[in-house]
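The next block holds one structure in the form of structure tokens; read it before the comments.
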Amino acid sequence: MGIISRGFSGRRRDGGEKLPPGQYLVTDFPVLSAGPTPKVSTGTWQFTLKTEKGQTRSWDWAAFTALPSEQITTDIHCVTKWSKLGTMWKGVAIDTLLDGVDTGASYTMARSYGGYTTNVPLADLRAGKAWIAYEFGGKPLHPEHGGPARLLVPHLYFWKSAKWVTGIDLMERDEPGFWEQLGYHNYGDPWREQRYWGD
Amino acid sequence: MARAAVLGRLTWQVATLTATRDETATAKTLVLDVPGWPGHLAGQHVDVRLTAPDGYTAERSYSIASPPDGDRLELTVQRIADGEVSPYLTETLEAGDQLELRGPIGGWFVWDPDSAAPVLLVAGGSGVVPLMSMIRARARAGSGNKVPFRLIYSVRTPADALYADELTKRARDDSLGLSYVYTRMAPPGGPAPGRISATVIASAGWPARSPEPPAVFVCGPTGFVEAAARLLIDAGHAPARIKTERFGPTGT
Ligand SMILES: Cc1cc2nc3c(=O)[nH]c(=O)nc-3n(C[C@H](O)[C@H](O)[C@H](O)COP(=O)(O)OP(=O)(O)OC[C@H]3O[C@@H](n4cnc5c(N)ncnc54)[C@H](O)[C@@H]3O)c2cc1C
């Protein structure tokens, strides 16, 4: 059990049971990125879904934003300890992108402008659990937060919600992405506090 | 990634505060003894966990300020007036007290002492902490084979600069390039206060197109990191050579 910190009482904040272990509530929206924010114009933006057999489906910005979209209200949890409740997004469900795609894959790798990657099991992207989001709080998603578009997988730690996303590769075998190679947990469930390797 | 970055499971360890140093009126360095500390790379951080008598816990991340040094670890904590954890660490915790931490964490924002590339460090406020670990790790290398290091350090006023005396000494004895940017109040006789700019990057940084392109580390509040990274890219630095770490709120 943890040692008691003499003289520490802490400041319990609202959020209670909505906060996964080790998280605290913020009202602002902190930023975590490994490098500079890439400049991505919607004029050249492209999103490509690639199956394990190498077949691809691509959308440009106009085609992508013409796809059926959804309003999403969700809590988000960053591995650096902050959680934000009730965030509002607009985006396209991954189910919509996968509609009619013939795949036997169980894993995926999201790829971003700037070279970032993150791996997510395909099941975690299906059944209304994940989106490609391009609006936050009713406005175009700010570049700092991953705009033009980012993956949104809110039931996993937020590094899985790849910013500046430009594609998803479907894979038969799992492979670690960027942070997953650098000591962060392969799956990243905040409710099981899977922050780092071995958690 | 190198050595200490790829350890197995990160378990909570008990650390004992052995000493403190005031760095500024609102920032303190905590010197900790962590028996069995697995070692770290300059730039990594730890998670600190505090536990109240009723079992309530609070966790925060803090960069390691010290170079690898056995079981000894130094953190520098900037007190946030209405914060939950930083006031406790800087005002309540006393020598002999214990806390829990785990680490080292982060295998990306690290400087490899075996790398020959010149290094440009760009810090805003308490963002200097992980960069200080790099400066200190380099200072250990034998004279003659120290890679060139430059630090651009943005602070509100001279009184807000962490490690000011040590940085002056490293600039004098250790060929550390050192330039300050003062955003609110500058010392008399120098340039007027201002923000980090293309001029500062051009005069105090490294040219992006060198035989060995510099490795760049930028750390600070989000707005600062965004601005500095944009200026560096405009100056020709390859985005892939710029590593960033952001702490603090965005204000948006
Ligand atoms: C990888 C990483 C490394 C870090 N390294 C360091 C370090 O070396 N030294 C250090 O002092 N901190 C560091 N931090 C920040 C630290 O983890 C805490 O966020 C900070 O100490 C504030 O915690 P708190 O509990 O006192 O404040 P909270 O109770 O969490 O916040 C109280 C209020 O202060 C605001 N706030 C939070 N952080 C800041 C800030 N930095 N500046 C201004 N306002 C703020 C919050 O938005 C909130 O409104 C690091 C963070 C990360 C993610």
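Lettering and numbering for the structure tokens are positional, with chains as A, B, ... in the shown order, residues counted from 1 in each chain, and ligands counted from 1 in the shown order.
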Pull out every residue of chain A sitting within 6 Å of chain B, counting only C-alpha atoms, and send them as a compact mmCIF listing (two decimals) with N, CA, C and O atoms, in the first residue's frame.
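Written file, selection.txt:
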# COMPACT_ATOMS: atom_id res chain seq x y z
N ILE A 4 1.75 7.14 3.46
CA ILE A 4 0.95 8.36 3.67
C ILE A 4 1.87 9.57 3.57
O ILE A 4 2.96 9.59 4.13
N SER A 5 1.44 10.59 2.83
CA SER A 5 2.23 11.81 2.71
C SER A 5 1.85 12.73 3.86
O SER A 5 0.74 13.26 3.88
N PHE A 8 -0.56 15.94 3.82
CA PHE A 8 -1.24 16.07 2.53
C PHE A 8 -2.69 15.65 2.68
O PHE A 8 -2.97 14.55 3.13
N SER A 9 -3.60 16.56 2.34
CA SER A 9 -5.00 16.14 2.38
C SER A 9 -5.56 16.11 0.97
O SER A 9 -6.51 15.40 0.68
N GLY A 22 -5.65 7.69 -10.79
CA GLY A 22 -4.46 8.49 -11.04
C GLY A 22 -4.69 9.71 -11.90
O GLY A 22 -3.76 10.44 -12.21
N ASP A 28 -9.21 23.25 -18.93
CA ASP A 28 -8.59 23.68 -20.19
C ASP A 28 -8.28 22.42 -21.01
O ASP A 28 -8.74 21.33 -20.70
N PRO A 30 -5.01 20.69 -22.34
CA PRO A 30 -3.55 20.66 -22.53
C PRO A 30 -3.17 19.95 -23.82
O PRO A 30 -3.99 19.26 -24.42
N ALA A 34 5.02 15.01 -29.57
CA ALA A 34 6.44 14.70 -29.52
C ALA A 34 7.28 15.68 -30.32
O ALA A 34 8.48 15.75 -30.17
N GLY A 35 6.61 16.44 -31.20
CA GLY A 35 7.37 17.35 -32.05
C GLY A 35 6.52 18.53 -32.44
O GLY A 35 5.45 18.75 -31.88
N PRO A 36 7.01 19.30 -33.42
CA PRO A 36 6.26 20.48 -33.86
C PRO A 36 4.90 20.10 -34.44
O PRO A 36 4.71 19.00 -34.94
N LEU A 182 8.30 3.25 -27.03
CA LEU A 182 9.12 4.09 -26.15
C LEU A 182 8.69 3.97 -24.69
O LEU A 182 8.85 4.90 -23.91
N TRP A 197 4.78 0.20 -19.99
CA TRP A 197 5.02 -1.23 -20.16
C TRP A 197 4.87 -1.94 -18.83
O TRP A 197 5.38 -1.48 -17.82
N GLY A 198 4.21 -3.07 -18.84
CA GLY A 198 4.11 -3.88 -17.63
C GLY A 198 2.96 -3.50 -16.72
O GLY A 198 2.65 -4.21 -15.78
Per-residue nearest contacts chain A to ligand 1, cut-off 9 Å, using only C-alpha atoms and all ligand atoms, as a tab-separated table:
residue	atom	partner	partner_atom_place_in_ligand_line	distance
A:Arg11	CA	ligand 1	29 (O)	7.9
A:Tyr24	CA	ligand 1	30 (O)	7.3
A:Leu25	CA	ligand 1	30 (O)	8.1
A:Val26	CA	ligand 1	47 (O)	6.5
A:Thr27	CA	ligand 1	47 (O)	7.4
A:Asp28	CA	ligand 1	47 (O)	6.5
A:Phe29	CA	ligand 1	47 (O)	8.9
A:Pro30	CA	ligand 1	47 (O)	8.4
A:Leu32	CA	ligand 1	53 (C)	7.9
A:Val79	CA	ligand 1	53 (C)	8.6
A:Thr80	CA	ligand 1	53 (C)	5.0
A:Lys81	CA	ligand 1	53 (C)	7.6
A:Trp82	CA	ligand 1	30 (O)	8.1
Would you output that residue set with all heavy atoms, as a short mmCIF file (atom, residue, chain, number, x, y, z; two decimals), in the first residue's frame?
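What ended up in again.cif:
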data_model
loop_
_atom_site.label_atom_id
_atom_site.label_comp_id
_atom_site.auth_asym_id
_atom_site.auth_seq_id
_atom_site.Cartn_x
_atom_site.Cartn_y
_atom_site.Cartn_z
N ARG A 11 -6.94 17.84 -2.76
CA ARG A 11 -8.11 18.64 -3.08
C ARG A 11 -8.98 17.79 -3.99
O ARG A 11 -8.70 17.60 -5.16
CB ARG A 11 -7.68 19.91 -3.79
CG ARG A 11 -8.88 20.64 -4.26
CD ARG A 11 -8.65 22.00 -4.89
NE ARG A 11 -7.37 22.63 -4.85
CZ ARG A 11 -6.65 22.87 -5.95
NH1 ARG A 11 -7.05 22.43 -7.11
NH2 ARG A 11 -5.53 23.53 -5.86
N TYR A 24 -6.62 13.49 -12.87
CA TYR A 24 -7.25 14.65 -12.26
C TYR A 24 -7.95 15.45 -13.34
O TYR A 24 -7.63 15.36 -14.53
CB TYR A 24 -6.25 15.51 -11.48
CG TYR A 24 -5.19 16.17 -12.34
CD1 TYR A 24 -5.37 17.48 -12.81
CD2 TYR A 24 -4.02 15.50 -12.67
CE1 TYR A 24 -4.39 18.08 -13.60
CE2 TYR A 24 -3.06 16.10 -13.45
CZ TYR A 24 -3.24 17.39 -13.91
OH TYR A 24 -2.29 17.99 -14.69
N LEU A 25 -8.93 16.23 -12.87
CA LEU A 25 -9.81 16.92 -13.80
C LEU A 25 -9.21 18.25 -14.24
O LEU A 25 -8.70 19.00 -13.42
CB LEU A 25 -11.13 17.17 -13.06
CG LEU A 25 -12.35 17.49 -13.87
CD1 LEU A 25 -12.67 16.36 -14.81
CD2 LEU A 25 -13.51 17.74 -12.91
N VAL A 26 -9.29 18.56 -15.53
CA VAL A 26 -8.93 19.90 -15.99
C VAL A 26 -10.12 20.49 -16.75
O VAL A 26 -11.00 19.77 -17.22
CB VAL A 26 -7.70 19.90 -16.94
CG1 VAL A 26 -6.46 19.39 -16.22
CG2 VAL A 26 -7.96 19.10 -18.21
N THR A 27 -10.10 21.81 -16.85
CA THR A 27 -11.14 22.47 -17.64
C THR A 27 -10.55 23.04 -18.92
O THR A 27 -11.26 23.32 -19.86
CB THR A 27 -11.81 23.60 -16.84
OG1 THR A 27 -10.78 24.40 -16.28
CG2 THR A 27 -12.67 23.02 -15.73
N ASP A 28 -9.21 23.25 -18.93
CA ASP A 28 -8.59 23.68 -20.19
C ASP A 28 -8.28 22.42 -21.01
O ASP A 28 -8.74 21.33 -20.70
CB ASP A 28 -7.33 24.53 -19.93
CG ASP A 28 -6.27 23.76 -19.16
OD1 ASP A 28 -6.56 22.65 -18.67
OD2 ASP A 28 -5.15 24.26 -19.05
N PHE A 29 -7.52 22.56 -22.08
CA PHE A 29 -7.26 21.42 -22.96
C PHE A 29 -5.76 21.39 -23.22
O PHE A 29 -5.27 22.00 -24.16
CB PHE A 29 -8.04 21.60 -24.26
CG PHE A 29 -8.09 20.39 -25.16
CD1 PHE A 29 -8.94 20.38 -26.24
CD2 PHE A 29 -7.30 19.27 -24.93
CE1 PHE A 29 -9.00 19.28 -27.09
CE2 PHE A 29 -7.35 18.16 -25.76
CZ PHE A 29 -8.21 18.17 -26.85
N PRO A 30 -5.01 20.69 -22.34
CA PRO A 30 -3.55 20.66 -22.53
C PRO A 30 -3.17 19.95 -23.82
O PRO A 30 -3.99 19.26 -24.42
CB PRO A 30 -3.07 19.87 -21.31
CG PRO A 30 -4.20 19.85 -20.35
CD PRO A 30 -5.44 19.93 -21.17
N LEU A 32 -0.21 17.54 -25.83
CA LEU A 32 0.96 16.69 -25.74
C LEU A 32 1.33 16.25 -27.14
O LEU A 32 0.52 15.65 -27.84
CB LEU A 32 0.66 15.46 -24.88
CG LEU A 32 1.85 14.51 -24.75
CD1 LEU A 32 2.72 14.90 -23.58
CD2 LEU A 32 1.40 13.08 -24.60
N VAL A 79 -2.48 10.31 -20.71
CA VAL A 79 -1.56 9.54 -19.86
C VAL A 79 -0.76 10.48 -18.96
O VAL A 79 -0.26 10.06 -17.93
CB VAL A 79 -0.63 8.65 -20.72
CG1 VAL A 79 0.38 9.50 -21.49
CG2 VAL A 79 0.06 7.59 -19.89
N THR A 80 -0.65 11.78 -19.31
CA THR A 80 0.06 12.71 -18.43
C THR A 80 -0.81 13.14 -17.26
O THR A 80 -0.49 14.10 -16.58
CB THR A 80 0.58 13.95 -19.19
OG1 THR A 80 -0.55 14.68 -19.69
CG2 THR A 80 1.47 13.57 -20.35
N LYS A 81 -1.95 12.49 -17.04
CA LYS A 81 -2.76 12.56 -15.83
C LYS A 81 -4.01 13.41 -15.94
O LYS A 81 -4.89 13.31 -15.09
CB LYS A 81 -1.98 13.07 -14.58
CG LYS A 81 -0.67 12.40 -14.36
CD LYS A 81 -0.89 11.04 -13.72
CE LYS A 81 0.23 10.10 -14.11
NZ LYS A 81 1.57 10.63 -13.87
N TRP A 82 -4.15 14.27 -16.93
CA TRP A 82 -5.37 15.07 -16.96
C TRP A 82 -6.50 14.33 -17.66
O TRP A 82 -6.27 13.53 -18.58
CB TRP A 82 -5.15 16.45 -17.59
CG TRP A 82 -4.60 16.44 -18.99
CD1 TRP A 82 -3.29 16.52 -19.34
CD2 TRP A 82 -5.33 16.34 -20.23
NE1 TRP A 82 -3.16 16.46 -20.71
CE2 TRP A 82 -4.39 16.36 -21.27
CE3 TRP A 82 -6.70 16.24 -20.55
CZ2 TRP A 82 -4.76 16.29 -22.62
CZ3 TRP A 82 -7.06 16.16 -21.89
CH2 TRP A 82 -6.09 16.19 -22.90
#
Inset, instruction - Show which residues sit within 8 Å of Ala117 of chain B, as a ChimeraX atom specification. Count only C-alpha atoms, and ignore same-chain residues fewer than 2 positions away. - result: /B:115,119,147-148,212-215
Selected residues, C-alpha atoms, written as a PDB file, in the first residue's frame, please.
ATOM      1  CA  SER B 115      25.574  11.455 -30.071  1.00  0.00           C
ATOM      2  CA  VAL B 119      22.481  20.471 -29.453  1.00  0.00           C
ATOM      3  CA  VAL B 147      29.514  18.315 -28.133  1.00  0.00           C
ATOM      4  CA  PRO B 148      28.544  21.956 -28.647  1.00  0.00           C
ATOM      5  CA  GLU B 212      25.968  17.701 -38.667  1.00  0.00           C
ATOM      6  CA  PRO B 213      22.434  19.093 -38.291  1.00  0.00           C
ATOM      7  CA  PRO B 214      21.710  20.047 -34.692  1.00  0.00           C
ATOM      8  CA  ALA B 215      19.400  18.087 -32.424  1.00  0.00           C
TER       9      ALA B 215
END
Neighbour list for Ser66 of chain B as a PDB file with all heavy atoms, in the first residue's frame, cut-off 9 Å, only C-alpha atoms, skip fewer than 4 positions in-chain:
ATOM      1  N   ALA B  42      19.087  11.656 -19.577  1.00  0.00           N
ATOM      2  CA  ALA B  42      18.792  13.076 -19.427  1.00  0.00           C
ATOM      3  C   ALA B  42      17.577  13.437 -20.271  1.00  0.00           C
ATOM      4  O   ALA B  42      17.540  13.156 -21.472  1.00  0.00           O
ATOM      5  CB  ALA B  42      20.005  13.906 -19.848  1.00  0.00           C
ATOM      6  N   ARG B  72      20.535   8.976  -6.396  1.00  0.00           N
ATOM      7  CA  ARG B  72      20.175  10.360  -6.122  1.00  0.00           C
ATOM      8  C   ARG B  72      19.430  10.940  -7.314  1.00  0.00           C
ATOM      9  O   ARG B  72      19.802  10.757  -8.473  1.00  0.00           O
ATOM     10  CB  ARG B  72      21.467  11.129  -5.887  1.00  0.00           C
ATOM     11  CG  ARG B  72      21.321  12.581  -5.597  1.00  0.00           C
ATOM     12  CD  ARG B  72      22.733  13.182  -5.699  1.00  0.00           C
ATOM     13  NE  ARG B  72      22.664  14.624  -5.797  1.00  0.00           N
ATOM     14  CZ  ARG B  72      22.869  15.432  -4.770  1.00  0.00           C
ATOM     15  NH1 ARG B  72      23.168  14.940  -3.596  1.00  0.00           N
ATOM     16  NH2 ARG B  72      22.779  16.737  -4.936  1.00  0.00           N
ATOM     17  N   LEU B  73      18.344  11.648  -6.985  1.00  0.00           N
ATOM     18  CA  LEU B  73      17.489  12.207  -8.024  1.00  0.00           C
ATOM     19  C   LEU B  73      17.099  13.616  -7.610  1.00  0.00           C
ATOM     20  O   LEU B  73      16.743  13.849  -6.462  1.00  0.00           O
ATOM     21  CB  LEU B  73      16.227  11.347  -8.077  1.00  0.00           C
ATOM     22  CG  LEU B  73      15.498  11.135  -9.382  1.00  0.00           C
ATOM     23  CD1 LEU B  73      16.422  10.490 -10.391  1.00  0.00           C
ATOM     24  CD2 LEU B  73      14.295  10.224  -9.131  1.00  0.00           C
ATOM     25  N   GLU B  74      17.172  14.561  -8.535  1.00  0.00           N
ATOM     26  CA  GLU B  74      16.708  15.907  -8.204  1.00  0.00           C
ATOM     27  C   GLU B  74      15.556  16.289  -9.114  1.00  0.00           C
ATOM     28  O   GLU B  74      15.610  16.091 -10.325  1.00  0.00           O
ATOM     29  CB  GLU B  74      17.849  16.930  -8.369  1.00  0.00           C
ATOM     30  CG  GLU B  74      18.955  16.738  -7.365  1.00  0.00           C
ATOM     31  CD  GLU B  74      20.015  17.839  -7.409  1.00  0.00           C
ATOM     32  OE1 GLU B  74      19.808  18.867  -8.098  1.00  0.00           O
ATOM     33  OE2 GLU B  74      21.049  17.650  -6.754  1.00  0.00           O
ATOM     34  N   LEU B  75      14.506  16.845  -8.499  1.00  0.00           N
ATOM     35  CA  LEU B  75      13.379  17.400  -9.240  1.00  0.00           C
ATOM     36  C   LEU B  75      13.331  18.884  -8.916  1.00  0.00           C
ATOM     37  O   LEU B  75      13.685  19.285  -7.816  1.00  0.00           O
ATOM     38  CB  LEU B  75      12.059  16.760  -8.794  1.00  0.00           C
ATOM     39  CG  LEU B  75      11.989  15.236  -8.732  1.00  0.00           C
ATOM     40  CD1 LEU B  75      10.612  14.796  -8.237  1.00  0.00           C
ATOM     41  CD2 LEU B  75      12.298  14.627 -10.100  1.00  0.00           C
ATOM     42  N   VAL B 129      13.850  22.475 -16.896  1.00  0.00           N
ATOM     43  CA  VAL B 129      14.260  21.395 -15.990  1.00  0.00           C
ATOM     44  C   VAL B 129      14.843  20.172 -16.717  1.00  0.00           C
ATOM     45  O   VAL B 129      15.975  19.765 -16.433  1.00  0.00           O
ATOM     46  CB  VAL B 129      13.108  20.996 -15.030  1.00  0.00           C
ATOM     47  CG1 VAL B 129      13.520  19.821 -14.155  1.00  0.00           C
ATOM     48  CG2 VAL B 129      12.687  22.183 -14.173  1.00  0.00           C
ATOM     49  N   PRO B 130      14.127  19.563 -17.677  1.00  0.00           N
ATOM     50  CA  PRO B 130      14.736  18.387 -18.335  1.00  0.00           C
ATOM     51  C   PRO B 130      15.968  18.756 -19.161  1.00  0.00           C
ATOM     52  O   PRO B 130      16.860  17.926 -19.362  1.00  0.00           O
ATOM     53  CB  PRO B 130      13.613  17.855 -19.235  1.00  0.00           C
ATOM     54  CG  PRO B 130      12.685  19.001 -19.441  1.00  0.00           C
ATOM     55  CD  PRO B 130      12.765  19.831 -18.177  1.00  0.00           C
ATOM     56  N   MET B 132      18.150  20.959 -18.233  1.00  0.00           N
ATOM     57  CA  MET B 132      19.251  21.077 -17.270  1.00  0.00           C
ATOM     58  C   MET B 132      19.899  19.723 -17.036  1.00  0.00           C
ATOM     59  O   MET B 132      21.117  19.630 -16.870  1.00  0.00           O
ATOM     60  CB  MET B 132      18.710  21.651 -15.958  1.00  0.00           C
ATOM     61  CG  MET B 132      19.791  22.176 -15.053  1.00  0.00           C
ATOM     62  SD  MET B 132      20.671  23.535 -15.873  1.00  0.00           S
ATOM     63  CE  MET B 132      22.054  23.708 -14.749  1.00  0.00           C
ATOM     64  N   SER B 133      19.083  18.681 -17.045  1.00  0.00           N
ATOM     65  CA  SER B 133      19.647  17.341 -16.885  1.00  0.00           C
ATOM     66  C   SER B 133      20.609  17.038 -18.038  1.00  0.00           C
ATOM     67  O   SER B 133      21.674  16.448 -17.841  1.00  0.00           O
ATOM     68  CB  SER B 133      18.508  16.319 -16.845  1.00  0.00           C
ATOM     69  OG  SER B 133      19.010  15.016 -16.801  1.00  0.00           O
ATOM     70  N   MET B 134      20.248  17.501 -19.251  1.00  0.00           N
ATOM     71  CA  MET B 134      21.121  17.285 -20.410  1.00  0.00           C
ATOM     72  C   MET B 134      22.417  18.094 -20.258  1.00  0.00           C
ATOM     73  O   MET B 134      23.518  17.594 -20.530  1.00  0.00           O
ATOM     74  CB  MET B 134      20.393  17.692 -21.693  1.00  0.00           C
ATOM     75  CG  MET B 134      19.104  16.906 -21.923  1.00  0.00           C
ATOM     76  SD  MET B 134      18.261  17.430 -23.448  1.00  0.00           S
ATOM     77  CE  MET B 134      16.673  16.604 -23.243  1.00  0.00           C
ATOM     78  N   ARG B 136      23.806  19.084 -17.544  1.00  0.00           N
ATOM     79  CA  ARG B 136      24.626  18.493 -16.478  1.00  0.00           C
ATOM     80  C   ARG B 136      25.253  17.182 -16.925  1.00  0.00           C
ATOM     81  O   ARG B 136      26.400  16.879 -16.559  1.00  0.00           O
ATOM     82  CB  ARG B 136      23.761  18.286 -15.241  1.00  0.00           C
ATOM     83  CG  ARG B 136      23.426  19.603 -14.567  1.00  0.00           C
ATOM     84  CD  ARG B 136      22.346  19.450 -13.526  1.00  0.00           C
ATOM     85  NE  ARG B 136      22.225  20.645 -12.694  1.00  0.00           N
ATOM     86  CZ  ARG B 136      21.191  20.888 -11.904  1.00  0.00           C
ATOM     87  NH1 ARG B 136      20.179  20.032 -11.838  1.00  0.00           N
ATOM     88  NH2 ARG B 136      21.162  21.991 -11.180  1.00  0.00           N
ATOM     89  N   ALA B 137      24.516  16.400 -17.713  1.00  0.00           N
ATOM     90  CA  ALA B 137      25.087  15.137 -18.197  1.00  0.00           C
ATOM     91  C   ALA B 137      26.268  15.430 -19.124  1.00  0.00           C
ATOM     92  O   ALA B 137      27.292  14.756 -19.085  1.00  0.00           O
ATOM     93  CB  ALA B 137      24.023  14.320 -18.919  1.00  0.00           C
TER      94      ALA B 137
END
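Closest approach to Glu17 of chain A among A:Val40, A:Trp191, A:Phe64, A:Phe178: A:Trp191, based on only C-alpha atoms.
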